[in-house]
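Containing PDB, C-alpha atoms: input-v3.pdb.
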```pdb
MODEL        1
ATOM      1  CA  MET K   1      55.487 -98.941  -0.535
ATOM      2  CA  ILE K   2      53.190 -97.627   2.163
ATOM      3  CA  ARG K   3      50.455-100.134   2.917
ATOM      4  CA  ASN K   4      49.275 -99.221   6.419
ATOM      5  CA  ILE K   5      48.325 -96.104   8.356
ATOM      6  CA  VAL K   6      48.659 -96.265  12.143
ATOM      7  CA  PHE K   7      46.877 -93.681  14.269
ATOM      8  CA  ASP K   8      47.321 -92.504  17.800
ATOM      9  CA  ILE K   9      43.894 -91.814  19.338
ATOM     10  CA  GLY K  10      44.007 -88.922  21.830
ATOM     11  CA  ASN K  11      44.143 -85.525  20.084
ATOM     12  CA  VAL K  12      44.328 -87.275  16.719
ATOM     13  CA  LEU K  13      41.106 -89.251  16.245
ATOM     14  CA  THR K  14      39.513 -87.925  19.456
ATOM     15  CA  ASP K  15      39.825 -84.898  21.701
ATOM     16  CA  PHE K  16      41.582 -85.484  25.020
ATOM     17  CA  ARG K  17      40.004 -82.445  26.694
ATOM     18  CA  TRP K  18      41.086 -82.816  30.295
ATOM     19  CA  ARG K  19      41.105 -79.081  31.102
ATOM     20  CA  GLU K  20      37.675 -78.460  29.586
ATOM     21  CA  PHE K  21      36.441 -81.599  31.332
ATOM     22  CA  LEU K  22      37.503 -80.196  34.702
ATOM     23  CA  GLN K  23      35.929 -76.842  33.840
ATOM     24  CA  ASP K  24      32.700 -78.695  33.066
ATOM     25  CA  LYS K  25      32.803 -80.076  36.614
ATOM     26  CA  GLY K  26      32.879 -76.534  37.976
ATOM     27  CA  PHE K  27      36.513 -76.203  38.982
ATOM     28  CA  GLU K  28      38.220 -72.809  38.774
ATOM     29  CA  ASP K  29      41.530 -72.442  36.934
ATOM     30  CA  GLU K  30      43.667 -72.446  40.090
ATOM     31  CA  MET K  31      42.113 -75.701  41.278
ATOM     32  CA  ILE K  32      42.363 -77.210  37.795
ATOM     33  CA  ASP K  33      46.094 -76.534  37.836
ATOM     34  CA  ARG K  34      46.428 -78.234  41.236
ATOM     35  CA  ILE K  35      44.400 -81.246  40.139
ATOM     36  CA  ALA K  36      46.469 -81.519  36.967
ATOM     37  CA  LYS K  37      49.770 -81.282  38.841
ATOM     38  CA  ALA K  38      48.702 -84.214  41.015
ATOM     39  CA  SER K  39      47.373 -86.308  38.141
ATOM     40  CA  VAL K  40      47.344 -85.735  34.399
ATOM     41  CA  ALA K  41      50.465 -83.530  34.395
ATOM     42  CA  SER K  42      52.433 -85.818  36.701
ATOM     43  CA  PRO K  43      54.542 -88.871  35.784
ATOM     44  CA  LEU K  44      51.882 -90.948  37.563
ATOM     45  CA  TRP K  45      49.599 -90.495  34.568
ATOM     46  CA  ASN K  46      51.739 -93.023  32.708
ATOM     47  CA  GLU K  47      50.483 -95.621  35.182
ATOM     48  CA  VAL K  48      46.895 -94.771  34.249
ATOM     49  CA  ASP K  49      47.646 -95.799  30.674
ATOM     50  CA  ARG K  50      49.956 -98.696  31.550
ATOM     51  CA  GLY K  51      47.063-100.464  33.235
ATOM     52  CA  GLU K  52      48.967-102.285  35.968
ATOM     53  CA  TRP K  53      47.409-100.357  38.881
ATOM     54  CA  ASP K  54      43.736-100.323  39.750
ATOM     55  CA  MET K  55      41.931 -97.019  40.153
ATOM     56  CA  GLU K  56      42.011 -97.204  43.951
ATOM     57  CA  LYS K  57      45.801 -97.331  43.979
ATOM     58  CA  LEU K  58      46.048 -94.589  41.352
ATOM     59  CA  MET K  59      43.801 -92.284  43.337
ATOM     60  CA  ALA K  60      45.800 -92.938  46.494
ATOM     61  CA  GLU K  61      48.993 -91.951  44.659
ATOM     62  CA  PHE K  62      47.357 -88.803  43.243
ATOM     63  CA  VAL K  63      46.241 -87.818  46.748
ATOM     64  CA  LYS K  64      49.775 -88.273  48.111
ATOM     65  CA  LEU K  65      50.937 -85.526  45.756
ATOM     66  CA  ASP K  66      48.409 -83.020  47.140
ATOM     67  CA  PRO K  67      46.532 -84.346  50.183
ATOM     68  CA  GLU K  68      44.625 -81.087  50.676
ATOM     69  CA  ILE K  69      42.579 -81.667  47.526
ATOM     70  CA  GLU K  70      41.639 -85.310  48.094
ATOM     71  CA  SER K  71      37.913 -84.641  47.696
ATOM     72  CA  GLU K  72      38.463 -82.618  44.533
ATOM     73  CA  LEU K  73      40.579 -85.363  43.009
ATOM     74  CA  HIS K  74      37.827 -87.886  43.638
ATOM     75  CA  GLN K  75      35.235 -85.515  42.241
ATOM     76  CA  ALA K  76      37.383 -85.113  39.145
ATOM     77  CA  TYR K  77      38.140 -88.752  38.437
ATOM     78  CA  ASP K  78      35.432 -90.936  39.956
ATOM     79  CA  ASN K  79      33.699 -90.611  36.591
ATOM     80  CA  ILE K  80      35.554 -89.356  33.511
ATOM     81  CA  THR K  81      32.767 -89.445  30.943
ATOM     82  CA  GLY K  82      33.414 -86.475  28.686
ATOM     83  CA  MET K  83      37.177 -86.333  29.108
ATOM     84  CA  VAL K  84      37.659 -88.012  25.727
ATOM     85  CA  THR K  85      35.232 -86.932  23.005
ATOM     86  CA  LYS K  86      34.754 -87.841  19.382
ATOM     87  CA  ARG K  87      36.035 -86.030  16.333
ATOM     88  CA  GLU K  88      33.535 -86.235  13.524
ATOM     89  CA  TYR K  89      36.176 -86.737  10.848
ATOM     90  CA  ALA K  90      37.523 -89.971  12.355
ATOM     91  CA  ILE K  91      35.242 -92.482  10.641
ATOM     92  CA  PRO K  92      35.159 -90.737   7.234
ATOM     93  CA  TRP K  93      38.955 -90.458   7.239
ATOM     94  CA  ILE K  94      39.385 -94.128   8.092
ATOM     95  CA  GLU K  95      36.849 -95.136   5.450
ATOM     96  CA  GLU K  96      38.590 -92.997   2.852
ATOM     97  CA  LEU K  97      41.960 -94.590   3.561
ATOM     98  CA  LYS K  98      40.520 -98.095   3.510
ATOM     99  CA  SER K  99      38.749 -97.388   0.216
ATOM    100  CA  LYS K 100      42.188 -96.655  -1.234
ATOM    101  CA  GLY K 101      43.439-100.039  -0.087
ATOM    102  CA  TYR K 102      45.339 -99.108   3.072
ATOM    103  CA  GLY K 103      45.223-101.036   6.290
ATOM    104  CA  VAL K 104      44.247 -98.776   9.172
ATOM    105  CA  TYR K 105      45.363 -99.479  12.740
ATOM    106  CA  TYR K 106      45.499 -97.684  16.077
ATOM    107  CA  LEU K 107      48.288 -97.525  18.661
ATOM    108  CA  SER K 108      47.384 -95.545  21.747
ATOM    109  CA  ASN K 109      48.264 -94.943  25.366
ATOM    110  CA  PHE K 110      44.783 -95.469  26.772
ATOM    111  CA  SER K 111      43.327 -96.500  30.110
ATOM    112  CA  ASP K 112      40.648 -99.074  30.830
ATOM    113  CA  LYS K 113      38.603 -96.408  32.641
ATOM    114  CA  ALA K 114      38.659 -94.118  29.607
ATOM    115  CA  TYR K 115      37.734 -97.055  27.391
ATOM    116  CA  GLU K 116      34.714 -97.898  29.523
ATOM    117  CA  GLU K 117      33.485 -94.378  30.331
ATOM    118  CA  CYS K 118      34.305 -92.593  27.050
ATOM    119  CA  ARG K 119      33.372 -95.386  24.679
ATOM    120  CA  GLU K 120      31.138 -93.164  22.557
ATOM    121  CA  ALA K 121      34.271 -91.332  21.424
ATOM    122  CA  LEU K 122      35.727 -94.616  20.162
ATOM    123  CA  ASP K 123      32.960 -95.383  17.691
ATOM    124  CA  PHE K 124      35.564 -95.550  14.914
ATOM    125  CA  LEU K 125      37.301 -98.649  16.316
ATOM    126  CA  PRO K 126      35.181-101.189  14.394
ATOM    127  CA  TYR K 127      36.132 -99.439  11.145
ATOM    128  CA  THR K 128      39.847-100.148  11.659
ATOM    129  CA  ASP K 129      41.770-103.356  11.067
ATOM    130  CA  GLY K 130      42.740-103.532  14.719
ATOM    131  CA  GLY K 131      45.273-102.046  17.056
ATOM    132  CA  ILE K 132      46.644-101.750  20.557
ATOM    133  CA  LEU K 133      45.345 -99.909  23.604
ATOM    134  CA  SER K 134      48.191 -99.725  26.091
ATOM    135  CA  TYR K 135      46.285-100.813  29.199
ATOM    136  CA  ARG K 136      45.547-104.221  27.669
ATOM    137  CA  ASP K 137      49.207-105.073  27.118
ATOM    138  CA  LYS K 138      50.752-103.155  30.034
ATOM    139  CA  VAL K 139      53.181-101.186  27.871
ATOM    140  CA  ILE K 140      53.085 -97.555  26.764
ATOM    141  CA  LYS K 141      54.625 -95.375  24.071
ATOM    142  CA  PRO K 142      57.411 -94.497  23.506
ATOM    143  CA  ASP K 143      58.646 -97.915  24.701
ATOM    144  CA  GLU K 144      59.744 -99.689  21.530
ATOM    145  CA  ARG K 145      58.027-102.873  22.692
ATOM    146  CA  ILE K 146      54.575-101.466  21.962
ATOM    147  CA  TYR K 147      55.483-100.708  18.339
ATOM    148  CA  LYS K 148      57.040-104.115  17.863
ATOM    149  CA  LEU K 149      53.961-105.699  19.394
ATOM    150  CA  LEU K 150      51.743-103.973  16.841
ATOM    151  CA  LEU K 151      53.941-105.201  14.000
ATOM    152  CA  SER K 152      54.068-108.802  15.206
ATOM    153  CA  ARG K 153      50.421-109.046  16.201
ATOM    154  CA  PHE K 154      49.131-107.880  12.829
ATOM    155  CA  GLY K 155      51.928-109.111  10.572
ATOM    156  CA  LEU K 156      53.047-105.639   9.519
ATOM    157  CA  LYS K 157      56.389-104.309   8.302
ATOM    158  CA  ALA K 158      57.536-101.027   9.825
ATOM    159  CA  GLU K 159      58.761 -99.660   6.497
ATOM    160  CA  GLU K 160      55.270-100.105   5.062
ATOM    161  CA  CYS K 161      53.604 -98.098   7.856
ATOM    162  CA  VAL K 162      53.031 -94.410   8.533
ATOM    163  CA  PHE K 163      52.475 -93.538  12.185
ATOM    164  CA  LEU K 164      50.579 -90.395  13.231
ATOM    165  CA  ASP K 165      50.827 -89.125  16.815
ATOM    166  CA  ASP K 166      50.530 -85.692  18.430
ATOM    167  CA  THR K 167      53.549 -86.326  20.684
ATOM    168  CA  ARG K 168      56.919 -85.965  18.981
ATOM    169  CA  LYS K 169      58.809 -88.450  21.153
ATOM    170  CA  ASN K 170      56.289 -91.138  20.232
ATOM    171  CA  VAL K 171      56.770 -90.416  16.535
ATOM    172  CA  GLU K 172      60.547 -90.436  16.894
ATOM    173  CA  ALA K 173      60.444 -93.810  18.642
ATOM    174  CA  ALA K 174      58.436 -95.269  15.770
ATOM    175  CA  CYS K 175      60.792 -93.798  13.175
ATOM    176  CA  LYS K 176      63.782 -95.447  14.871
ATOM    177  CA  LEU K 177      62.118 -98.781  14.145
ATOM    178  CA  GLY K 178      61.550 -97.977  10.485
ATOM    179  CA  PHE K 179      58.093 -96.407  10.453
ATOM    180  CA  ARG K 180      57.491 -93.200   8.563
ATOM    181  CA  GLY K 181      56.199 -90.657  11.043
ATOM    182  CA  ILE K 182      53.954 -87.611  11.183
ATOM    183  CA  CYS K 183      53.655 -85.379  14.229
ATOM    184  CA  PHE K 184      49.960 -84.536  14.164
ATOM    185  CA  ARG K 185      48.828 -80.933  14.618
ATOM    186  CA  THR K 186      45.714 -80.709  12.444
ATOM    187  CA  LYS K 187      43.943 -83.091  10.108
ATOM    188  CA  GLU K 188      44.765 -80.860   7.146
ATOM    189  CA  GLN K 189      48.472 -80.747   7.990
ATOM    190  CA  ALA K 190      48.583 -84.494   8.622
ATOM    191  CA  GLU K 191      46.775 -85.327   5.371
ATOM    192  CA  GLU K 192      49.181 -83.139   3.412
ATOM    193  CA  GLU K 193      52.206 -84.827   4.970
ATOM    194  CA  LEU K 194      50.658 -88.265   4.503
ATOM    195  CA  ASN K 195      50.024 -87.624   0.818
ATOM    196  CA  THR K 196      53.618 -86.445   0.397
ATOM    197  CA  ILE K 197      54.961 -89.608   2.019
ATOM    198  CA  ILE K 198      52.707 -91.855  -0.033
ATOM    199  CA  HIS K 199      53.550 -90.188  -3.336
ATOM    200  CA  SER K 200      57.277 -90.123  -2.609
ATOM    201  CA  ASN K 201      57.177 -93.857  -1.985
ATOM    202  CA  LEU K 202      55.317 -94.464  -5.230
ATOM    203  CA  THR K 203      57.984 -92.682  -7.235
ATOM    204  CA  VAL K 204      60.979 -94.372  -5.618
TER     205      VAL K 204
ENDMDL
END
```
Starting from the file, give its structure as structure tokens.
Amino acid sequence: MIRNIVFDIGNVLTDFRWREFLQDKGFEDEMIDRIAKASVASPLWNEVDRGEWDMEKLMAEFVKLDPEIESELHQAYDNITGMVTKREYAIPWIEELKSKGYGVYYLSNFSDKAYEECREALDFLPYTDGGILSYRDKVIKPDERIYKLLLSRFGLKAEECVFLDDTRKNVEAACKLGFRGICFRTKEQAEEELNTIIHSNLTV
């Protein structure tokens, strides 16, 4: 029986709008692509979410990838308020699930800087039963350790959980451990798949 719903955060319960964020700062598309290649679209971005490096070291590594745009990189990332923004359905959806008796948790690759500077977007956190933000535990999806940590920390069983994430490899990693998984595209699609999973479990 499904007892718990586990949500990713970025592009599921919030918008991770990095391109629009850079447009808001006045960058043209060509510069946005260069900034992205040296940061959010590079493997280094995993270290942002892993939380083992401070921002000074991260910025130095970004700059190494494209030294000509050092000032632009600092302009982009010295303050990231507005990079993660709220989705209005997050709290009502969580409340609806909890009213039906489900535990609701979060499991997200998330940086300390985003947590501090985009906190308004995370107003749904107190409505959940808890969860894991990767920077706090220095482990990121799809490493199986982060899923196991969620299970052990909150006393959950994988087979009783549905995990929703917008990145397929993260969903697949959860499924290998026994979770049911949904690759999130839209709320409507995810709700439909969630209802199918729940009802199929009830009839088994």
| Looking at K:Glu56, K:Trp18, K:Tyr105, K:Arg168, which one is nearest to His74 (chain K), with distances taken over all atoms listed in the file? |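 That would be K:Glu56, the residue with the smallest distance to His74 (chain K).
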| Counting all atoms listed in the file, the residue of K:Asn46, K:Lys148, K:Tyr89, K:Lys64 that sits nearest Glu188 (chain K) |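 When distances to Glu188 (chain K) are compared using all atoms listed in the file, the smallest one comes from K:Tyr89.
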| field | Point (32.9, -97.3, 33.0), cut-off 12 Å, counting all atoms listed in the file, residues as JSON, numbers by chain | value | {"K": [55, 77, 78, 79, 80, 81, 82, 111, 112, 113, 114, 115, 116, 117, 118, 119, 120]}
| What is the distance between CA of Ile140 (chain K) and CA of Glu47 (chain K), in Å to one decimal? | 9.0 Å
| task | Between K:Val104, K:Val48, K:Leu156, K:Ile2, single out the one closest to Arg136 (chain K), counting all atoms listed in the file. | result |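 Under the stated criterion, the closest residue is K:Val48.
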| query | Taking all atoms listed in the file into account, which of K:Val12, K:Gly51, K:Asp66, K:Thr186 comes nearest Asp33 (chain K)? | reply | K:Asp66
| request: Compile the contact shell of region 162-167 of chain K as a list in words: residues with an atom at most 8 Å away, counting only C-alpha atoms, same-chain residues fewer than 4 positions apart removed. | output: Ile2, Asn4, Ile5, Val6, Phe7, Asp8, Ile9, Asn11, Val12, Val171, Ala174, Phe179, Arg180, Gly181, Ile182, Cys183, Phe184, Arg185, Ala190 and Leu194 of chain K
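Remark: for Leu73 (chain K), the closest of the candidate residues K:Leu22, K:Leu125, K:Leu177, K:Leu44 is K:Leu22 (distances computed over all atoms listed in the file).
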